[in-house]
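**Q** Once you've had a glance at the structure underneath, I'll fire off some questions.
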Amino acid sequence: MDARNIVVVVEDVDEARTALQWALHNLLRCGDLITLLHVYPSSKSRNHKKLRLKGYQLALSFRDICSGFTNTNLEIIVTEGDQEGGKIASLVREIGASTLVVGLHERSFLYKLGTANNNIASKFNCKVLAIKQPSPTLHSVRPQNKSDNVNVIAADNSFRMDFSQIDLTGLQYPDVAPPKIPYRICPNPSAIICRSRKSRRKVRS
């Protein structure tokens with residue numbers, strides 16, 4: 001299989017760290033390249049160097065998460081740009097990524113892109129996976145059918161966008177009775193015949 005370039009967006013939120021861990025356990029294949037991408041806000045003040053240093057240190061902490069995975073190819077990109085996702089989209093297209101992994105939270109740039117463009121996948125020219133953690137601020141509506149495990153997010157209409165949203169809520173298993181173990185019926189005891197052989201000894205005269 002050809003090696004893939006998987007871009008993981010680095011943000012200082014728990015959802016981004018969870019997204020990286022999910023990608024390492026469920027998406028990464030041998031030979032793939034993981035690009036840790038962090039875009040800090042543009043600033044004309046003296047805080048520019050501080051923002052860049054802080055972003056690089058944050059990316060290094062994400063690299064430490066990958067330390068437990070041997071033979072993992074990593075690269076780090078830290079740059080400035082807008083916080084609406086335009087800079088991330090241009091870099092992802094330039095890199096030629098096969099997959100973009102994002103930790104989905106309330107202030108995610110995916111929501112900002114969605115308000116301006118309904119076709120988010122075309123902005124990145126790759127598959128977009130948004131990893132979502134359970135949050136008390138987002139109220140999920142449980143379907144009445146217990147066999148349906150799909151959670152519909154009622155906070156807004158963002159779930160209608162065209163990126164793949166992976167919800168890490170606990171799976172619900174239907175109540176299934178334990179399988180019956182067939183037992184062999186013991187035959188009629190009267191039908192069991194026990195024969196014992198007596199050894200015949202020759203009597204010598």
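Just so we're on the same page: first chain in the structure tokens is A, next is B, and so on; residues restart at 1 for each chain, and ligands are numbered from 1 in the order they show up.
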Please identify all polymer residues within 12 Å of Val39 (chain A), counting only C-alpha atoms, omitting same-chain residues fewer than 4 positions from it, and present them as a ChimeraX atom specification.
**A** /A:8-12,51-56,58-59,76-92,109
**Q** Go ahead and dump the residues you just picked, N, CA and C atoms, as a PDB file, in the first residue's frame.
**A**
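As a result, part_14.pdb now contains:
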```
ATOM      1  N   VAL A   8      -2.969  16.223  11.196  1.00  0.00           N
ATOM      2  CA  VAL A   8      -3.719  16.380  12.448  1.00  0.00           C
ATOM      3  C   VAL A   8      -3.573  17.824  12.899  1.00  0.00           C
ATOM      4  N   VAL A   9      -4.695  18.491  13.095  1.00  0.00           N
ATOM      5  CA  VAL A   9      -4.669  19.894  13.514  1.00  0.00           C
ATOM      6  C   VAL A   9      -4.336  19.973  15.004  1.00  0.00           C
ATOM      7  N   VAL A  10      -3.336  20.770  15.323  1.00  0.00           N
ATOM      8  CA  VAL A  10      -2.876  20.934  16.705  1.00  0.00           C
ATOM      9  C   VAL A  10      -3.548  22.156  17.309  1.00  0.00           C
ATOM     10  N   GLU A  11      -4.340  21.939  18.358  1.00  0.00           N
ATOM     11  CA  GLU A  11      -4.989  23.017  19.096  1.00  0.00           C
ATOM     12  C   GLU A  11      -4.860  22.728  20.584  1.00  0.00           C
ATOM     13  N   ASP A  12      -4.912  23.762  21.372  1.00  0.00           N
ATOM     14  CA  ASP A  12      -4.767  23.593  22.818  1.00  0.00           C
ATOM     15  C   ASP A  12      -6.121  23.277  23.455  1.00  0.00           C
ATOM     16  N   LEU A  51       3.754  33.895  20.241  1.00  0.00           N
ATOM     17  CA  LEU A  51       2.723  33.015  19.707  1.00  0.00           C
ATOM     18  C   LEU A  51       3.341  31.860  18.919  1.00  0.00           C
ATOM     19  N   ARG A  52       4.401  32.174  18.161  1.00  0.00           N
ATOM     20  CA  ARG A  52       5.064  31.115  17.398  1.00  0.00           C
ATOM     21  C   ARG A  52       5.737  30.110  18.329  1.00  0.00           C
ATOM     22  N   LEU A  53       6.413  30.614  19.365  1.00  0.00           N
ATOM     23  CA  LEU A  53       7.076  29.726  20.318  1.00  0.00           C
ATOM     24  C   LEU A  53       6.059  28.872  21.067  1.00  0.00           C
ATOM     25  N   LYS A  54       4.968  29.478  21.484  1.00  0.00           N
ATOM     26  CA  LYS A  54       3.928  28.736  22.190  1.00  0.00           C
ATOM     27  C   LYS A  54       3.324  27.658  21.290  1.00  0.00           C
ATOM     28  N   GLY A  55       3.118  27.993  20.031  1.00  0.00           N
ATOM     29  CA  GLY A  55       2.563  27.014  19.098  1.00  0.00           C
ATOM     30  C   GLY A  55       3.512  25.856  18.856  1.00  0.00           C
ATOM     31  N   TYR A  56       4.809  26.159  18.768  1.00  0.00           N
ATOM     32  CA  TYR A  56       5.783  25.087  18.559  1.00  0.00           C
ATOM     33  C   TYR A  56       5.873  24.184  19.786  1.00  0.00           C
ATOM     34  N   LEU A  58       3.471  23.613  21.840  1.00  0.00           N
ATOM     35  CA  LEU A  58       2.243  22.827  21.837  1.00  0.00           C
ATOM     36  C   LEU A  58       2.367  21.649  20.864  1.00  0.00           C
ATOM     37  N   ALA A  59       2.951  21.915  19.701  1.00  0.00           N
ATOM     38  CA  ALA A  59       3.134  20.841  18.724  1.00  0.00           C
ATOM     39  C   ALA A  59       4.084  19.766  19.254  1.00  0.00           C
ATOM     40  N   ILE A  76       6.389  18.490  11.753  1.00  0.00           N
ATOM     41  CA  ILE A  76       5.680  19.553  12.462  1.00  0.00           C
ATOM     42  C   ILE A  76       5.698  20.815  11.605  1.00  0.00           C
ATOM     43  N   ILE A  77       4.533  21.413  11.440  1.00  0.00           N
ATOM     44  CA  ILE A  77       4.398  22.681  10.724  1.00  0.00           C
ATOM     45  C   ILE A  77       3.706  23.673  11.644  1.00  0.00           C
ATOM     46  N   VAL A  78       4.382  24.763  11.942  1.00  0.00           N
ATOM     47  CA  VAL A  78       3.828  25.833  12.766  1.00  0.00           C
ATOM     48  C   VAL A  78       3.912  27.128  11.961  1.00  0.00           C
ATOM     49  N   THR A  79       2.777  27.728  11.716  1.00  0.00           N
ATOM     50  CA  THR A  79       2.748  28.938  10.906  1.00  0.00           C
ATOM     51  C   THR A  79       1.609  29.832  11.360  1.00  0.00           C
ATOM     52  N   GLU A  80       1.627  31.063  10.923  1.00  0.00           N
ATOM     53  CA  GLU A  80       0.549  31.986  11.285  1.00  0.00           C
ATOM     54  C   GLU A  80      -0.486  32.049  10.181  1.00  0.00           C
ATOM     55  N   GLY A  81      -1.690  32.446  10.556  1.00  0.00           N
ATOM     56  CA  GLY A  81      -2.749  32.551   9.571  1.00  0.00           C
ATOM     57  C   GLY A  81      -4.074  32.863  10.239  1.00  0.00           C
ATOM     58  N   ASP A  82      -5.121  32.852   9.432  1.00  0.00           N
ATOM     59  CA  ASP A  82      -6.451  33.162   9.958  1.00  0.00           C
ATOM     60  C   ASP A  82      -6.953  31.999  10.801  1.00  0.00           C
ATOM     61  N   GLN A  83      -7.958  32.285  11.616  1.00  0.00           N
ATOM     62  CA  GLN A  83      -8.549  31.277  12.495  1.00  0.00           C
ATOM     63  C   GLN A  83      -9.874  30.749  11.955  1.00  0.00           C
ATOM     64  N   GLU A  84     -10.160  31.054  10.700  1.00  0.00           N
ATOM     65  CA  GLU A  84     -11.396  30.584  10.067  1.00  0.00           C
ATOM     66  C   GLU A  84     -11.170  29.347   9.211  1.00  0.00           C
ATOM     67  N   GLY A  85      -9.940  28.852   9.176  1.00  0.00           N
ATOM     68  CA  GLY A  85      -9.658  27.626   8.447  1.00  0.00           C
ATOM     69  C   GLY A  85      -9.096  27.811   7.054  1.00  0.00           C
ATOM     70  N   GLY A  86      -8.995  29.035   6.596  1.00  0.00           N
ATOM     71  CA  GLY A  86      -8.482  29.266   5.246  1.00  0.00           C
ATOM     72  C   GLY A  86      -7.022  28.864   5.097  1.00  0.00           C
ATOM     73  N   LYS A  87      -6.196  29.213   6.074  1.00  0.00           N
ATOM     74  CA  LYS A  87      -4.780  28.867   6.027  1.00  0.00           C
ATOM     75  C   LYS A  87      -4.587  27.352   6.137  1.00  0.00           C
ATOM     76  N   ILE A  88      -5.360  26.716   7.013  1.00  0.00           N
ATOM     77  CA  ILE A  88      -5.270  25.255   7.162  1.00  0.00           C
ATOM     78  C   ILE A  88      -5.651  24.568   5.857  1.00  0.00           C
ATOM     79  N   ALA A  89      -6.708  25.053   5.209  1.00  0.00           N
ATOM     80  CA  ALA A  89      -7.163  24.446   3.957  1.00  0.00           C
ATOM     81  C   ALA A  89      -6.102  24.558   2.870  1.00  0.00           C
ATOM     82  N   SER A  90      -5.473  25.726   2.756  1.00  0.00           N
ATOM     83  CA  SER A  90      -4.459  25.909   1.719  1.00  0.00           C
ATOM     84  C   SER A  90      -3.236  25.032   1.967  1.00  0.00           C
ATOM     85  N   LEU A  91      -2.832  24.893   3.231  1.00  0.00           N
ATOM     86  CA  LEU A  91      -1.679  24.053   3.554  1.00  0.00           C
ATOM     87  C   LEU A  91      -1.986  22.575   3.321  1.00  0.00           C
ATOM     88  N   VAL A  92      -3.190  22.150   3.663  1.00  0.00           N
ATOM     89  CA  VAL A  92      -3.572  20.751   3.455  1.00  0.00           C
ATOM     90  C   VAL A  92      -3.556  20.410   1.968  1.00  0.00           C
ATOM     91  N   PHE A 109     -12.874  25.557  13.707  1.00  0.00           N
ATOM     92  CA  PHE A 109     -12.884  26.298  12.450  1.00  0.00           C
ATOM     93  C   PHE A 109     -13.779  25.628  11.408  1.00  0.00           C
TER      94      PHE A 109
END
```
**Q** Quick check for you: according to DSSP on this backbone, which residues of region 37-72 of chain A are classed as strand (DSSP E or B)? Reply as a list in words.
**A** Leu37, His38, Val39, Tyr40 and Pro41 of chain A
**Q** Which residues come within 12 Å of region 16-21 of chain A, counting only C-alpha atoms, excluding same-chain residues fewer than 5 positions away, as a ChimeraX atom specification?
**A** /A:6-11,26-28,34-38,58-59,61-69,100-105,107-108,128-134,165-168
**Q** Given only C-alpha atoms as the basis, pick out the residue of A:Leu113, A:Ala23, A:Leu60, A:Cys126 nearest to Ile95 (chain A).
**A** A:Cys126
